[in-house]
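Asks: Starting off with a structure, shown below.
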Amino acid sequence: MRFRNLALITLVALSLLAVGAIPINGAGSAFADDTAVNPAEPETRDVIILRSGQIVEGTILEETGDLVKIIVVVGKMKAPTTYRLSEILEIQRDLVVVTDLEGAKKRGDDGDGGGGWGDRDDEKPINSATDKPKVYRFPIDGHIVGAFPGLLNYLQRSNRRDIISLTPVERTMRDALSYDPDVIIVEIDADAPSSVGWDGGVVTEPLQPIFQEVIDSESVRLVFWVKEASFGAAFLPFICPEMYFESEAFFGGIGTLDDFDIGDELVNEKQISLRIGRAEGVAIKNGYDPAIIRGMARQQNWLCYRFRHGKIEFLEHKPRPIDGDDWVILTDDGKGEQKDEMKTRGNDVLNIDAQTAMEIGLSKGTYDDIDDLVFALGIRGEYDLIEGRAERNFDEWRDRVENAIDRMVQLQRDLDEAGKGNGRNESESKKIGRQTRVLKEIRALYGTFEEVLDPTHSERAQIDIQLEALKEAVLEARNKEKEANRNRSRRR
Amino acid sequence: MKNLKTKFMIPLLAACSIFAATSALADSIYLKDGRVLEGEISREGDTFVMLTTSIGDIENVQLISKDDINRIVRDSTPIENLAEEAIIDAPEEEAVVSDGATRIAFLRLGWLPEDTVGPYINTDALERSVEALDGKADVLVLWIDTGGGSVAETMKLVDYIEKEIKPKFRLVGWVKRAISGGSFTMHPMEEIYFMPETSYGGSVAFSSQNGKATASKGAFLEQMLEFGELASSYGHHEPLLMRAMQIRIDLSYDIDEDGVAHFREDREGRYILNTDDKILTLNSDQAMKIGFAKGIASTKEELVKKMGYEEWVEVGQDVDAEQQRFRDNMKKAETELLKASRSFQIAMENGNVGRAQKFLGDMRSWSRRAPAWQDFSTAGLPPLTRELFRELERQLDELRSAQQQRKQKRR
């Protein structure tokens with residue numbers, strides 16, 4: 001395989017560099033761009049060797065704290081990328097590039113894209129001249145409401161119609177996998193009902209296995225690209241070990257566990273504790289520090305961070321002199337002078353922007369353009385961006401839910417009218433028959449749209465009771481009607 | 001090399017009768033309402049399944065929406081032998097175990113979040129499993145995922161684990177989620193392994209009334225704290241750990257040069273694990289740091305490797321499948337019992353003695369099929385004790401005689 005060979009050559013060259021600063025040979029072809037090289041002033045590159053085994057070349061622009069910003073160059077492509085120091089094994093600066101276009105031609109490399117600097121030899125080649133890598137764009141754009149009891153009332157009260165629940169997500173994942181993609185980019189721009197606070201995280205639970213299964217299978221690389229993930233929706237990206245942010249991204253805005261109230265103080269603390277424990281578990285499983293979860297959980301919680309020797313340190317209380325300097329306060333307890341005017345924009349609860357997300361190890365990079373993100377994911381050269389049926393799936397489902405809600409409202413009216421007899425001179429058993437038919441239709445709608453309208457089956461259980469009562473009533477009505485008929489016959 | 005042949009018997013439980021199939025081989029459709037339909041899937045679309053069932057020469061075709069389906073187990077497995085699909089491979093009739101290989105049985109306690117200690121994680125059911133494994137396994141791994149449950153059953157389980165299971169096997173706990181009663185259940189085990197996502201703790205005992213929960217107080221709290229100490233002593237765990245899971249205390253620790261954590265009930269230790277305004281739930285990072293978890297494992301292979309076995313064989317899959325069947329049976333019975341009890345109440349309110357009698361009969365029948373419901377309450381339903389049935393019969397008799405009196409008066 002052409003690209004594997006190139007990758008090997010590059011690795012050999014770099015390992016030599018590590019011991020003897022020998023100029024890059026062979027791999028120079030991968031640098032070939034349209035920049036003229038003056039033999040008197042040899043072109044240089046900075047090389048970053050990542051702990052993941054990936055090797056990145058380009059020009060380092062800036063190093064701040066624990067971040068290194070570099071313009072990555074591959075072929076004619078250039079893209080700014082930021083790496084955390086903790087991800088970096090080694091930085092090599094100003095290595096001389098030996099341009100060996102002739103050699104590249106001999107190897108069949110046109111020097112234009114492709115050809116890696118860091119492919120591990122055992123990695124699945126993600127790019128080839130004949131078979132472009134496929135990237136599936138999976139937008140999750142709207143209001144996540146999966147398994148939210150009382151949603152019908154909520155939707156009738158609120159003006160949110162951009163709902164996201166299990167069915168369209170499941171269908172979109174099926175659509176994505178049907179393309180056999182190399183990468184699925186889950187573009188999340190979503191919130192969840194703020195009224196359910198931390199337990200709003202539960203609304204994402206039905207969706208999690210859909211992504212988890214793909215992530216666990218390791219057959220497709222799945223990454224989250226965060227534009228907004230707020231309230232309960234903020235929990236969803238934690239299921240993925242690879243999270244990227246947009247520069248204006250907004251993440252967080254939860255911190256409502258303090259409001260939790262199902263019993264006395266101790267019982268509430270138990271419930272808070274086990275909820276945090278569960279969310280911490282998801283974070284730990286996917287390589288995120290559980291301190292971030294604790295910072296998100298309660299308004300009373302503090303979260304500060306700083307870097308020491310390239311490693312991040314968290315502090316979960318107000319910094320004291322004994323704790324040392326350089327702490328950056330991400331969230332405070334929101335008490336007294338620390339109280340913010342806007343909960344979702346201050347730091348009373350943990351709200352995380354793109355820069356912070358990078359620094360605290362939540363985000364692996366900040367990209368505003370999908371091409372840049374794809375490039376950062378290691379796809380060189382051209383790729384197929386698959387839009388698929390995602391948008392249609394979400395729109396169709398929303399229309400169907402909206403129609404169901406309208407129909408439900410109509411059926412409730414029909415039910416009331418059926419109970420009154422609607423001014424018709426109809427027998428009791430006929431009235432009950434009409435009520436039964438309407439109730440059965442309502443029940444069927446709850447069943448079809450269970451995931452949003454009746455996740456706990458409580459509405460259907462209620463209808464079952466009503467149906468059973470109607471069954472009894474119709475028997476009684478028929479008996480009365482029979483008796484009335486008998487009486488009439490006797491009188492005759 | 002001499003081979004040791006282990007024969008696995010598939011025990012027949014009375015509980016199987018509720019899944020009695022019309023034919024020996026079947027596709028099984030588990031509906032979300034708890035029902036299980038069996039037959040042959042004759043057609044399937046994106047949104048529906050057509051199931052053909054036969055009784056004698058009569059064929060019936062049912063169209064079922066996929067929205068109503070929880071899971072489908074496809075064909076050829078005799079329903080009596082049905083194991084949790086995709087989780088457990090069908091048990092082998094005979095397993096060939098090389099000399100020296102350690103026989104390890106994995107038994108799941110709880111699978112779904114609603115699998116509570118008591119009706120679903122149950123001492124009697126565990127006892128049957130342990131008896132079936134006795135002499136067939138060297139190591140027993142109890143895997144748990146639960147949000148808690150009945151205090152009385154938790155106490156029974158802890159006692160049974162300590163006195164009956166530990167002498168028989170090398171016992172290992174493997175935790176996905178052990179909250180409240182789940183943490184007590186695991187606590188008598190000395191060897192506890194976590195998964196990366198594990199949470200363990202939140203062990204406050206409480207009771208609920210009118211939708212409000214109240215934590216245990218007074219003598220009952222004292223009893224619970226003593227029980228926590230007992231479970232800790234069984235598992236040789238630091239008692240302050242369980243205490244911090246039960247009540248709000250400061251808990252900090254230092255780690256000595258051998259890496260051993262030493263706890264103290266204040267904030268003076270180098271590392272603070274809990275403060276006196278919170279209840280402790282351990283995550284996998286913390287559990288490893290303090291040495292509570294012996295290791296972290298996501299798969300059986302990882303776990304066994306960490307337990308130190310190179311040559312091993314998994315045994316007892318059929319026993320684990322029985323546990324799953326027990327839980328399925330309890331779930332189905334719970335659904336049917338709730339339905340029957342609601343219908344009974346409505347029939348009584350409407351004075352329909354005949355139908356009330358029928359629904360009461362249904363309740364009796366389901367309580368016999370899933371006897372654990374005689375000991376535990378479920379949402380909206382008290383334990384189905386003899387006394388309860390006697391009381392319901394009495395109400396029914398009262399209604400019957402009132403109606404007879406009215407009839408006589410009319411005559």
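Letters A, B, ... go to the chains of the structure tokens in the order shown; residues in each chain start at 1; ligands are counted from 1 in the same order.
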Using only C-alpha atoms, which protein or nucleic acid residues come within 12 Å of Thr275 (chain B)? Drop anything in the same chain fewer than 6 positions from it, and give the result as a ChimeraX atom specification.

Replies: /A:269,273,316-317 /B:244-245,247-252,264-269,281

Asks: Could you please tell me, as a PyMOL selection string, which residues of chain B have an atom within 9 Å of chain A when using only C-alpha atoms?

Replies: chain B and resi 33+65+67-68+147+177+179-180+195-206+208+211-215+245-248+277-285+339+342-343+346-347+349-350+352+355

Asks: Give me, as a VMD selection string, all polymer residues having an atom no more than 9 Å from region 132-134 of chain B, counting only C-alpha atoms and skipping those fewer than 3 positions away in the same chain.

Replies: chain B and resid 9 11 105 127 to 129 137 to 138 140 168 to 169 315 to 316 319

Asks: May I have the residues from that selection written out with N, CA and C atoms, as a PDB file, in the first residue's frame?

Replies:
ATOM      1  N   MET B   9     -26.433 -29.727  33.416  1.00  0.00           N
ATOM      2  CA  MET B   9     -27.846 -30.082  33.379  1.00  0.00           C
ATOM      3  C   MET B   9     -28.653 -28.793  33.291  1.00  0.00           C
ATOM      4  N   PRO B  11     -31.705 -27.183  34.481  1.00  0.00           N
ATOM      5  CA  PRO B  11     -32.769 -27.431  35.444  1.00  0.00           C
ATOM      6  C   PRO B  11     -34.116 -26.919  34.934  1.00  0.00           C
ATOM      7  N   ALA B 105     -17.655 -19.315  36.992  1.00  0.00           N
ATOM      8  CA  ALA B 105     -19.061 -19.043  36.666  1.00  0.00           C
ATOM      9  C   ALA B 105     -19.348 -17.561  36.873  1.00  0.00           C
ATOM     10  N   GLU B 127     -29.904 -18.741  45.787  1.00  0.00           N
ATOM     11  CA  GLU B 127     -29.644 -20.027  46.440  1.00  0.00           C
ATOM     12  C   GLU B 127     -29.774 -21.177  45.428  1.00  0.00           C
ATOM     13  N   ARG B 128     -30.803 -21.100  44.590  1.00  0.00           N
ATOM     14  CA  ARG B 128     -30.981 -22.146  43.567  1.00  0.00           C
ATOM     15  C   ARG B 128     -29.785 -22.171  42.620  1.00  0.00           C
ATOM     16  N   SER B 129     -29.314 -20.967  42.251  1.00  0.00           N
ATOM     17  CA  SER B 129     -28.167 -20.887  41.332  1.00  0.00           C
ATOM     18  C   SER B 129     -26.920 -21.471  41.985  1.00  0.00           C
ATOM     19  N   ALA B 137     -18.113 -25.256  39.719  1.00  0.00           N
ATOM     20  CA  ALA B 137     -17.306 -24.049  39.503  1.00  0.00           C
ATOM     21  C   ALA B 137     -16.324 -23.882  40.657  1.00  0.00           C
ATOM     22  N   ASP B 138     -15.149 -23.347  40.342  1.00  0.00           N
ATOM     23  CA  ASP B 138     -14.171 -23.059  41.391  1.00  0.00           C
ATOM     24  C   ASP B 138     -14.310 -21.610  41.857  1.00  0.00           C
ATOM     25  N   LEU B 140     -16.728 -18.064  41.625  1.00  0.00           N
ATOM     26  CA  LEU B 140     -18.035 -17.492  41.282  1.00  0.00           C
ATOM     27  C   LEU B 140     -17.885 -15.972  41.230  1.00  0.00           C
ATOM     28  N   LYS B 168     -17.909 -21.931  49.694  1.00  0.00           N
ATOM     29  CA  LYS B 168     -17.964 -22.866  48.557  1.00  0.00           C
ATOM     30  C   LYS B 168     -17.059 -22.482  47.389  1.00  0.00           C
ATOM     31  N   PHE B 169     -16.881 -21.187  47.170  1.00  0.00           N
ATOM     32  CA  PHE B 169     -16.153 -20.724  45.983  1.00  0.00           C
ATOM     33  C   PHE B 169     -15.161 -19.623  46.352  1.00  0.00           C
ATOM     34  N   VAL B 315     -18.033 -21.631  33.038  1.00  0.00           N
ATOM     35  CA  VAL B 315     -19.047 -22.663  33.273  1.00  0.00           C
ATOM     36  C   VAL B 315     -20.318 -21.986  33.805  1.00  0.00           C
ATOM     37  N   GLY B 316     -21.370 -22.736  33.787  1.00  0.00           N
ATOM     38  CA  GLY B 316     -22.605 -22.273  34.441  1.00  0.00           C
ATOM     39  C   GLY B 316     -23.411 -21.258  33.667  1.00  0.00           C
ATOM     40  N   VAL B 319     -26.995 -21.686  34.303  1.00  0.00           N
ATOM     41  CA  VAL B 319     -27.469 -21.208  35.604  1.00  0.00           C
ATOM     42  C   VAL B 319     -27.735 -19.700  35.530  1.00  0.00           C
TER      43      VAL B 319
END

Asks: Among region 270-411 of chain B, which ones does DSSP place in strand (DSSP E or B), written as a list in words?

Replies: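 Output for region 270-411 of chain B, strand (DSSP E or B) only: Tyr271, Ile272, Leu273, Asn274, Thr281, Leu282, Asn283, Gly295, Ile296, Trp312, Val313, Glu314, Val315, Thr378 and Leu381 of chain B.
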
Asks: Run DSSP on the backbone of this structure and report the residues of region 251-479 of chain A it assigns to helix (DSSP H, G or I), as an MDAnalysis selection string.

Replies: chainID A and resid 257:259 265:285 290:297 321:323 336:338 354:359 370:376 390:423 428:448 450:453 458:479
